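J.: Quick one: this structure, given as structure tokens, is what I'll be asking you about.
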Amino acid sequence: MNKEMIVVLDFGGQYNQLIARRVRECNVYAEVHPYTLPIEELKAMNPKGIIFTGGPNSVYLDTSPAYTREVFDLGIPILGICYGSQLMAHLLGGKVKTAEVSEYGKTEVELDCDFENKPVTDKAYSSMLYAGTARNMTVWMSHTDYIAEVPEGFTVTAHTANCPVASMEYSKDDKKLYAVQYHPEVLHTEYGKQILENFVLKICGCSGDWRMDSFVESAIRDLREKIGNGRVLCALSGGVDSSVAAVLLSKAVGKQLTCVFVDHGLLRKDEGDEVEAIFGPKGNYELNFIRVNAQDRFYLKLAGETDPERKRHIIGEEFIRVFEEEAKKIGAVDFLAQGTIYPDVIESGLGESAVIKSHHNVGGLPDHVDFKEIVEPLRMLFKDEVRRCGLELGIPEYLVFRQPFPGPGLGVRIIDDITKEKVRIVQEADAIFREEVDKAVQQWKCDELDKICEEAEEEGIHVGGIVDPDKAVGLPDWYPNQYFAALTNMRSVGVMGDFRTYDYAVVLRAVSTSDFMTADCCNIPFEVLQKCMNRIINEVKGVNRVMFDLTSKPPGTIELL
Ligand code: XMP
């Protein structure tokens, strides 16, 4: 499958996943590996190109991450980004210095080379990296150090007002070395996609034929090869990732698969029954579905625990224990399957970037697991790729486009200790919020559709037949990609009827995001929020205050814990 691969060498920057995503958007497979990857292993991967990422360090410190100079002699094209560009300069004999003022944010660059895919015009040098871009562009900068002197043989291809080498390159002999001080992977960089596409397609010569149907085909083949006649136990949560993993496994090894669904008592309202209806014996799939009602067991383990990371680990560990027990009941099991996806792997600190949170399905894995091996068929996919994979497998759209729900469930939406009563409160408030947002989205679609029809009628066009609003009008600009209620541990005084209350405050969170790495608060219409507030206070016992969380990510995270 991975005949053509770009290796992204991770030097600790925060945008490293994004680089791999952008490369994959060019239909070229990319993997992130730490800078500690031995060069022999790098060579064995036979990449068509290598990208050095950014990172927070200064290249001239002995302790800073580096790579062997030999990498430049492999004849494999290399693109250095930010720290990666400075490292290239430093290792090849250029000079990197610290500027007095950092350059941060949107910055204008001017090219010092020809930028069109045609013979040299007014400039002495034509750069393939800039084909199809413009002389002046806005780019995203984030650096204090800068390349003061390029290594011998390199040409400066762009500069900014404060940065003499915004990009440089050496493309002679069989060497193709490119370096950009700015971040082409960030959407704020105009032509960033074009620049990365130029690198992977034009400079590395990738054909761009990595597609989801080929992934599904080869994943099924690989799973069959790995699992053989073994039995697989799959952790099915009903979320997008584990559902796609389960269906993929079911296609690969059929009856050898058993799916266990653990109701840990931290699911959304009625979710346990809904999951059972879809994947259980009465549903459409053959998954050997077993439901384990382990609610009380989890509440007991979690009792009194207030620390977010401890809660995640308790939930993760208990989860695995339940599986071990189920595995024993059904006889020998060789593999444990999980729906871990690429951002989980990287955000859990397995790459070079700082650990933000340990996602329970990776970071919290206990030491004693009674299985031969773990299989994670989606480990290398980003969320949107998992969705495409789900559609490819014929999973219905409503399941594939469900909003994400974290493995530790409401455990990361209840601040401080977890009790059955708090779970009830958050479940009920959340159900109301989701229902009202969904209703408002549907209403918006109907209103938009009416407008379109009215305008068409005014122009004398008759809109006949039944029009599907989903296809005709799109989504409102306040549409949230993730929206839920959470429980603060705050209680405050209120008045209901003639009585004083001293009850909990529920917080509503609604964010728009394309990659869940950064997110903005959504501008949910005020009347929708007011309706939710009214309903939650009237219908959910134990709540007397409703708040709306305005925080973006960063500095907040999407979940509260
Ligand atoms: P944060 O809170 O880190 O969330 O901004 C980013 C996305 O990841 C989901 N999330 C999790 N998913 N296990 C999961 O499977 C977890 O422990 C976990 N924590 C957060 C979150 O819902 C959001 O979509």
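Following the order of the structure tokens, chains are lettered A, B, ..., residues in each are numbered from 1, and ligands are numbered from 1.
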List as a ChimeraX atom specification the protein and nucleic acid residues lying within 10 Å of ligand 1, with only C-alpha atoms and all ligand atoms counted.
T.: /A:237,239-242,309,312-313,315-316,339-341,343-344,347-348,356-364,383,403-413,481-484,511,513,515-519,552-561
J.: List every residue of stretch 189-409 of chain A that DSSP, applied to the backbone of this structure, places in strand (DSSP E or B), and write the result as a PyMOL selection string.
T.: chain A and resi 232-235+257-263+289-293+335-337+373-375
J.: Calculated over only C-alpha atoms, which of the candidates A:Lys202, A:Lys251, A:Arg509, A:Arg379 has the smallest distance to A:Gly394?
T.: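 Comparing A:Lys202, A:Lys251, A:Arg509, A:Arg379 against A:Gly394, the winner is A:Lys251.
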J.: Go ahead and compute the interatomic distance for atom CA of A:Thr419 and atom CA of A:Ala303, in Å to one decimal.
T.: 7.0 Å
J.: Suppose you want the space between atom CA of A:Glu455 and atom CA of A:Glu527; what is it in Å?
T.: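 The value is 26.6 Å.
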J.: Taking 3 positions as the minimum chain separation for residues in the same chain, which residues sit within 10 Å of A:Tyr504 when counting only C-alpha atoms? Answer as a short mmCIF file (atom, residue, chain, number, x, y, z; two decimals) with all heavy atoms, in the first residue's frame.
T.:
```
data_model
loop_
_atom_site.label_atom_id
_atom_site.label_comp_id
_atom_site.auth_asym_id
_atom_site.auth_seq_id
_atom_site.Cartn_x
_atom_site.Cartn_y
_atom_site.Cartn_z
N LYS A 422 -24.47 12.81 39.48
CA LYS A 422 -23.89 13.81 38.57
C LYS A 422 -23.98 13.32 37.12
O LYS A 422 -24.19 14.10 36.21
CB LYS A 422 -22.43 14.08 38.94
CG LYS A 422 -22.25 14.88 40.22
CD LYS A 422 -20.77 15.16 40.42
CE LYS A 422 -20.50 15.84 41.73
NZ LYS A 422 -19.06 16.02 41.96
N ILE A 425 -27.40 14.02 35.86
CA ILE A 425 -27.60 15.45 35.55
C ILE A 425 -26.99 15.79 34.19
O ILE A 425 -27.63 16.39 33.33
CB ILE A 425 -26.98 16.33 36.66
CG1 ILE A 425 -27.78 16.18 37.95
CG2 ILE A 425 -26.91 17.79 36.22
CD1 ILE A 425 -27.20 16.95 39.13
N LEU A 487 -20.60 19.19 33.41
CA LEU A 487 -21.00 19.60 34.75
C LEU A 487 -19.84 20.25 35.48
O LEU A 487 -18.79 19.63 35.66
CB LEU A 487 -21.51 18.39 35.54
CG LEU A 487 -22.19 18.73 36.86
CD1 LEU A 487 -23.46 19.54 36.65
CD2 LEU A 487 -22.50 17.47 37.64
N THR A 488 -20.03 21.51 35.87
CA THR A 488 -19.00 22.15 36.70
C THR A 488 -19.21 21.59 38.10
O THR A 488 -20.26 21.04 38.40
CB THR A 488 -19.19 23.68 36.76
OG1 THR A 488 -20.36 23.93 37.53
CG2 THR A 488 -19.36 24.27 35.37
N ASN A 489 -18.22 21.76 38.93
CA ASN A 489 -18.43 21.29 40.30
C ASN A 489 -18.93 22.43 41.17
O ASN A 489 -18.80 22.41 42.37
CB ASN A 489 -17.15 20.70 40.87
CG ASN A 489 -17.44 19.83 42.07
OD1 ASN A 489 -18.45 19.13 42.09
ND2 ASN A 489 -16.59 19.89 43.08
N MET A 490 -19.48 23.44 40.50
CA MET A 490 -19.90 24.63 41.23
C MET A 490 -21.39 24.55 41.58
O MET A 490 -22.20 24.23 40.74
CB MET A 490 -19.67 25.85 40.36
CG MET A 490 -19.93 27.15 41.08
SD MET A 490 -20.09 28.50 39.90
CE MET A 490 -21.81 28.43 39.53
N ARG A 491 -21.69 24.83 42.83
CA ARG A 491 -23.10 24.96 43.18
C ARG A 491 -23.33 26.39 43.63
O ARG A 491 -22.45 27.03 44.23
CB ARG A 491 -23.46 23.97 44.29
CG ARG A 491 -23.51 22.55 43.72
CD ARG A 491 -24.32 21.62 44.58
NE ARG A 491 -23.66 21.36 45.84
CZ ARG A 491 -24.28 20.81 46.88
NH1 ARG A 491 -25.55 20.47 46.80
NH2 ARG A 491 -23.63 20.59 48.00
N SER A 492 -24.49 26.89 43.30
CA SER A 492 -24.76 28.28 43.68
C SER A 492 -26.22 28.42 44.09
O SER A 492 -27.03 27.52 43.87
CB SER A 492 -24.43 29.21 42.52
OG SER A 492 -25.26 28.90 41.43
N VAL A 493 -26.50 29.58 44.62
CA VAL A 493 -27.84 29.81 45.15
C VAL A 493 -28.76 30.31 44.05
O VAL A 493 -28.37 31.10 43.20
CB VAL A 493 -27.77 30.82 46.32
CG1 VAL A 493 -29.18 31.22 46.79
CG2 VAL A 493 -26.97 30.23 47.46
N GLY A 494 -29.98 29.82 44.06
CA GLY A 494 -30.96 30.29 43.10
C GLY A 494 -32.32 30.32 43.76
O GLY A 494 -32.45 30.00 44.95
N THR A 501 -32.75 27.60 46.19
CA THR A 501 -32.09 26.37 45.75
C THR A 501 -30.59 26.54 45.92
O THR A 501 -30.08 27.66 45.96
CB THR A 501 -32.38 26.07 44.26
OG1 THR A 501 -31.95 27.19 43.49
CG2 THR A 501 -33.84 25.78 44.00
N VAL A 507 -22.55 23.52 32.17
CA VAL A 507 -21.93 24.36 31.15
C VAL A 507 -22.17 23.75 29.78
O VAL A 507 -22.06 22.53 29.61
CB VAL A 507 -20.43 24.62 31.45
CG1 VAL A 507 -19.62 23.35 31.45
CG2 VAL A 507 -19.82 25.59 30.45
N LYS A 541 -33.47 17.93 37.36
CA LYS A 541 -33.44 18.15 38.80
C LYS A 541 -31.98 18.30 39.26
O LYS A 541 -31.11 17.54 38.82
CB LYS A 541 -34.08 16.94 39.48
CG LYS A 541 -34.45 17.16 40.90
CD LYS A 541 -35.39 16.05 41.38
CE LYS A 541 -35.35 15.98 42.88
NZ LYS A 541 -34.21 15.27 43.41
N GLY A 542 -31.72 19.30 40.10
CA GLY A 542 -30.37 19.46 40.63
C GLY A 542 -29.57 20.54 39.92
O GLY A 542 -28.42 20.77 40.24
N VAL A 543 -30.19 21.21 38.92
CA VAL A 543 -29.49 22.28 38.20
C VAL A 543 -30.26 23.58 38.37
O VAL A 543 -31.47 23.63 38.17
CB VAL A 543 -29.40 21.96 36.68
CG1 VAL A 543 -28.69 23.07 35.92
CG2 VAL A 543 -28.72 20.63 36.45
N ASN A 544 -29.55 24.65 38.73
CA ASN A 544 -30.24 25.94 38.80
C ASN A 544 -29.50 27.04 38.03
O ASN A 544 -29.82 28.20 38.12
CB ASN A 544 -30.47 26.37 40.26
CG ASN A 544 -29.17 26.70 40.97
OD1 ASN A 544 -28.08 26.52 40.41
ND2 ASN A 544 -29.26 27.19 42.19
N ARG A 545 -28.45 26.65 37.27
CA ARG A 545 -27.72 27.66 36.50
C ARG A 545 -27.16 26.99 35.25
O ARG A 545 -26.69 25.85 35.31
CB ARG A 545 -26.56 28.19 37.36
CG ARG A 545 -26.29 29.66 37.21
CD ARG A 545 -25.35 30.12 38.31
NE ARG A 545 -26.08 30.58 39.49
CZ ARG A 545 -26.48 31.84 39.67
NH1 ARG A 545 -26.22 32.76 38.75
NH2 ARG A 545 -27.12 32.20 40.77
N VAL A 546 -27.21 27.73 34.13
CA VAL A 546 -26.67 27.19 32.88
C VAL A 546 -25.71 28.22 32.30
O VAL A 546 -26.05 29.40 32.20
CB VAL A 546 -27.79 26.88 31.86
CG1 VAL A 546 -27.21 26.41 30.53
CG2 VAL A 546 -28.73 25.82 32.42
#
```
J.: For the contact check between stretch 184-278 of chain A and stretch 98-113 of chain A, emit one row per residue of stretch 184-278 of chain A within 12 Å, containing the shortest atom pair and the distance in Å rounded to one decimal, counting only C-alpha atoms, chain then rising number order, as CSV.
T.:
```
residue,atom,partner,partner_atom,distance
A:Pro184,CA,A:Lys106,CA,11.8
A:Val186,CA,A:Lys106,CA,10.6
A:Leu187,CA,A:Lys106,CA,10.7
A:His188,CA,A:Lys106,CA,7.1
A:Thr189,CA,A:Lys106,CA,7.7
A:Glu190,CA,A:Lys106,CA,9.8
A:Tyr191,CA,A:Val109,CA,11.7
```
J.: Would you please give, as a count of residues only, all residues of stretch 299-526 of chain A that DSSP assigns to alpha helix (DSSP H) based on the backbone?
T.: 94
J.: So which residues touch A:Pro480 within 9 Å, counting only C-alpha atoms, skipping near sequence neighbours fewer than 6 positions away, as a PyMOL selection string?
T.: chain A and resi 437+510-513+521-524
J.: Env of A:Ile39: 12 Å cut, atoms = only C-alpha atoms, seq-sep filter 6 positions within chain, self excluded. Answer as a PyMOL selection string.
T.: chain A and resi 7+9+33+45-47+50+67-74
J.: Which is closer to A:Met128 than all the others in A:Ile537, A:Val150, A:Leu201, A:Ala161, using only C-alpha atoms?
T.: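 Nearest candidate to A:Met128 out of A:Ile537, A:Val150, A:Leu201, A:Ala161: A:Leu201.
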J.: Between atom CA of A:Gly283 and atom CA of A:Phe323, what is the distance in Å, rounded to a tenth?
T.: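 Pair atom CA of A:Gly283 / atom CA of A:Phe323 returns 22.2 Å.
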J.: If we count only C-alpha atoms and set the cut-off at 12 Å, which residues sit around A:Arg388, ignoring sequence neighbours fewer than 5 positions away in its own chain? Please answer as a ChimeraX atom specification.
T.: /A:211-216,240-241,244,378,381-383,393-397,399-401
